[in-house]
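Asker: Structure below; questions to follow.
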Amino acid sequence: MTTTKDQYIEIITQCKVLFKNKMKDYGCAWRILRLASLTDQIYIKAQRIRGIQKNKDQKIPEGQKDEFVGIINYSIMSLIQIEIGVSEHPDLSEQQAIDFYDKHSKTTYDLMLAKNHDYGEAWREMRVSSLTDLIIQKLLRIKQIEQNKGQTLVSEGVDANYQDIINYSVFALIHLNNN
C-alpha cells in the first residue's frame, strides 16, 4: 500500500514538472502578480472545480485534476511572493524559482505530516467536494485578511491558509487518482 508520504511527494513532483515547463515557456512573468491577483486566480480555479462537481455538462476539456494542480502551483507562487515580495518585472532565474518552489513545498509537506499525524489521516474519509469547499473557505479568509491589510487578531496569516490550500489540493488529487 502506498503511504500518504509517497502519494504526496508524487503529486508535488508532478506539479513541479509543470511549474518548470511553464518557467521554460513564460519565464517568471508571475513575479509581477500581487498577492490579491494570485488569490483571485486560485479562487477562479476552485470555483471551476466546484462547477465541474455540480454540473454534469462541461465545455472546457480540462478537469478537476488540472485545476487542483494549478491551485497548488499558484499557492506556492503566493508563498514565494509573501517571502520575497512582488517584483515590477520577472527577476528570478529558473533555478532560483525552483529553489523557492522546493523550499515552500517542503515546508508545506512538513506541516502536512504534523497535521496528518494529529488528525489521524481524517482527510481520507472526506469527499473531494468537501475539500473543494474548504479551499474556497480558505480563499475567502485570505481575501478578508487582505482587506484587513494583512492584520489578524487571533487567526493564522495568509501563508498558513495557502499551505492548507496546497495540502487540501494534494489530498483531493490523491482521492481522484485512486478513483
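Just remember, in the C-alpha cells the first chain shown is A, the second B, etc., residues are 1-based per chain, and ligands are 1-based in the order shown.
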Using only C-alpha atoms, determine which residues lie at most 12 Å from A:Glu121, disregarding the query and same-chain residues fewer than 3 positions distant; provide the list as a list in words.
Answerer: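 Everything that qualifies: Thr3, Thr4, Lys5, Met112, Leu113, Ala114, Lys115, Asn116, His117, Asp118, Arg124, Glu125, Met126, Tyr168 and Phe171 of chain A.
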Asker: Can you list, as a ChimeraX atom specification, all residues belonging to chain A that DSSP tags as helix (DSSP H, G or I)?
Answerer: /A:4-26,29-32,35-54,64-84,94-119,122-125,128-147,158-178
Asker: Write a file of the selected residues as a tab-separated table (two decimals), in the first residue's frame, keeping C-alpha atoms.
Answerer:
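Everything below was put into selection_30.tsv:
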chain	number	residue	atom	x	y	z
A	4	THR	CA	0.48	9.35	2.26
A	5	LYS	CA	4.12	10.47	2.17
A	6	ASP	CA	4.73	8.68	-1.13
A	7	GLN	CA	1.46	9.86	-2.68
A	8	TYR	CA	2.09	13.44	-1.57
A	9	ILE	CA	5.64	13.52	-2.97
A	10	GLU	CA	4.45	12.01	-6.27
A	11	ILE	CA	1.82	14.72	-6.70
A	12	ILE	CA	4.14	17.59	-5.75
A	13	THR	CA	6.73	16.19	-8.18
A	14	GLN	CA	4.13	16.25	-10.99
A	15	CYS	CA	3.17	19.83	-10.05
A	16	LYS	CA	6.82	20.86	-10.03
A	17	VAL	CA	7.36	19.39	-13.52
A	18	LEU	CA	4.52	21.55	-14.83
A	19	PHE	CA	5.90	24.59	-12.97
A	20	LYS	CA	9.34	24.02	-14.53
A	21	ASN	CA	7.89	23.60	-18.01
A	22	LYS	CA	5.85	26.79	-17.64
A	23	MET	CA	9.03	28.56	-16.49
A	24	LYS	CA	10.65	27.46	-19.76
A	25	ASP	CA	7.65	28.79	-21.74
A	26	TYR	CA	6.97	32.03	-19.86
A	29	ALA	CA	6.27	36.55	-15.50
A	30	TRP	CA	4.14	35.59	-12.47
A	31	ARG	CA	6.53	37.61	-10.28
A	32	ILE	CA	4.60	40.79	-11.18
A	35	LEU	CA	-0.97	38.63	-3.79
A	36	ALA	CA	-4.61	39.60	-4.36
A	37	SER	CA	-4.25	38.68	-8.05
A	38	LEU	CA	-2.87	35.26	-7.16
A	39	THR	CA	-5.66	34.77	-4.63
A	40	ASP	CA	-8.22	35.61	-7.32
A	41	GLN	CA	-6.59	33.20	-9.78
A	42	ILE	CA	-6.77	30.39	-7.23
A	43	TYR	CA	-10.37	31.34	-6.43
A	44	ILE	CA	-11.33	31.09	-10.11
A	45	LYS	CA	-9.80	27.62	-10.30
A	46	ALA	CA	-11.55	26.48	-7.11
A	47	GLN	CA	-14.90	27.80	-8.36
A	48	ARG	CA	-14.37	25.98	-11.66
A	49	ILE	CA	-13.75	22.74	-9.75
A	50	ARG	CA	-16.93	23.32	-7.79
A	51	GLY	CA	-18.80	23.92	-11.04
A	52	ILE	CA	-17.44	20.68	-12.51
A	53	GLN	CA	-18.54	18.83	-9.39
A	54	LYS	CA	-22.06	20.30	-9.53
A	64	GLN	CA	-10.57	18.76	-11.74
A	65	LYS	CA	-7.08	17.29	-11.64
A	66	ASP	CA	-5.63	20.03	-13.86
A	67	GLU	CA	-7.30	22.72	-11.75
A	68	PHE	CA	-6.05	21.26	-8.45
A	69	VAL	CA	-2.52	21.19	-9.89
A	70	GLY	CA	-2.95	24.84	-10.84
A	71	ILE	CA	-4.15	25.67	-7.34
A	72	ILE	CA	-1.07	24.02	-5.85
A	73	ASN	CA	1.33	25.88	-8.16
A	74	TYR	CA	-0.37	29.26	-7.73
A	75	SER	CA	-0.39	28.76	-3.96
A	76	ILE	CA	3.34	28.05	-3.97
A	77	MET	CA	3.86	31.17	-6.10
A	78	SER	CA	1.87	33.07	-3.46
A	79	LEU	CA	4.13	31.78	-0.69
A	80	ILE	CA	7.16	32.88	-2.72
A	81	GLN	CA	5.63	36.34	-3.21
A	82	ILE	CA	4.99	36.60	0.54
A	83	GLU	CA	8.61	35.73	1.24
A	84	ILE	CA	10.41	37.93	-1.30
A	94	GLU	CA	14.59	29.28	-13.47
A	95	GLN	CA	16.86	27.74	-10.83
A	96	GLN	CA	16.08	30.45	-8.25
A	97	ALA	CA	12.35	29.93	-8.82
A	98	ILE	CA	12.76	26.14	-8.47
A	99	ASP	CA	14.76	26.60	-5.26
A	100	PHE	CA	11.96	28.72	-3.79
A	101	TYR	CA	9.40	26.18	-5.03
A	102	ASP	CA	11.29	23.37	-3.30
A	103	LYS	CA	11.61	25.38	-0.08
A	104	HIS	CA	7.90	26.14	0.16
A	105	SER	CA	6.72	22.72	-0.96
A	106	LYS	CA	8.99	21.15	1.70
A	107	THR	CA	7.71	23.45	4.46
A	108	THR	CA	4.12	22.68	3.43
A	109	TYR	CA	4.88	18.95	3.30
A	110	ASP	CA	6.30	19.11	6.83
A	111	LEU	CA	3.14	20.87	8.01
A	112	MET	CA	1.04	18.15	6.36
A	113	LEU	CA	3.00	15.45	8.18
A	114	ALA	CA	2.43	17.10	11.55
A	115	LYS	CA	-1.27	17.73	10.97
A	116	ASN	CA	-1.80	14.31	9.39
A	117	HIS	CA	-0.29	12.73	12.49
A	118	ASP	CA	-2.52	14.71	14.84
A	119	TYR	CA	-5.70	14.25	12.78
A	122	ALA	CA	-9.09	12.02	8.64
A	123	TRP	CA	-8.87	13.52	5.14
A	124	ARG	CA	-9.04	10.00	3.69
A	125	GLU	CA	-12.69	9.85	4.82
A	128	VAL	CA	-13.32	15.75	-2.83
A	129	SER	CA	-16.27	18.16	-2.83
A	130	SER	CA	-15.68	18.88	0.88
A	131	LEU	CA	-12.00	19.54	0.23
A	132	THR	CA	-13.05	21.92	-2.55
A	133	ASP	CA	-15.38	23.76	-0.17
A	134	LEU	CA	-12.61	24.05	2.42
A	135	ILE	CA	-10.29	25.52	-0.22
A	136	ILE	CA	-12.90	28.12	-1.13
A	137	GLN	CA	-13.43	28.91	2.56
A	138	LYS	CA	-9.66	29.43	2.99
A	139	LEU	CA	-9.65	31.73	-0.04
A	140	LEU	CA	-12.49	33.79	1.41
A	141	ARG	CA	-10.49	34.05	4.65
A	142	ILE	CA	-7.43	35.18	2.69
A	143	LYS	CA	-9.50	37.82	0.89
A	144	GLN	CA	-10.75	39.13	4.23
A	145	ILE	CA	-7.21	39.24	5.64
A	146	GLU	CA	-6.11	41.08	2.50
A	147	GLN	CA	-8.92	43.60	3.06
A	158	VAL	CA	-2.34	34.18	4.74
A	159	ASP	CA	0.72	31.93	4.47
A	160	ALA	CA	-0.85	29.26	6.70
A	161	ASN	CA	-4.04	29.43	4.63
A	162	TYR	CA	-2.11	28.94	1.39
A	163	GLN	CA	-0.35	25.95	2.94
A	164	ASP	CA	-3.69	24.42	3.91
A	165	ILE	CA	-4.96	25.03	0.37
A	166	ILE	CA	-1.95	23.17	-1.02
A	167	ASN	CA	-2.48	20.26	1.35
A	168	TYR	CA	-6.24	20.04	0.65
A	169	SER	CA	-5.46	20.08	-3.09
A	170	VAL	CA	-2.93	17.28	-2.74
A	171	PHE	CA	-5.46	15.24	-0.75
A	172	ALA	CA	-8.09	15.84	-3.44
A	173	LEU	CA	-5.66	14.69	-6.13
A	174	ILE	CA	-4.85	11.56	-4.14
A	175	HIS	CA	-8.58	10.78	-3.96
A	176	LEU	CA	-9.07	11.49	-7.68
A	177	ASN	CA	-6.07	9.33	-8.60
A	178	ASN	CA	-7.49	6.45	-6.53
Asker: Would you work out the distance separating atom CA of A:Arg127 from atom CA of A:Thr2, expressed in Å to one decimal?
Answerer: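 It comes out at 19.4 Å.
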Asker: One decimal, in Å: what's the spacing between atom CA of A:Ser87 and atom CA of A:Leu153?
Answerer: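 Answer for the atom CA of A:Ser87 to atom CA of A:Leu153 separation: 28.6 Å.
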Asker: Could you please determine the separation between atom CA of A:Val154 and atom CA of A:Leu33 in Å, to one decimal place?
Answerer: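 Result for atom CA of A:Val154 versus atom CA of A:Leu33: 27.7 Å, one decimal.
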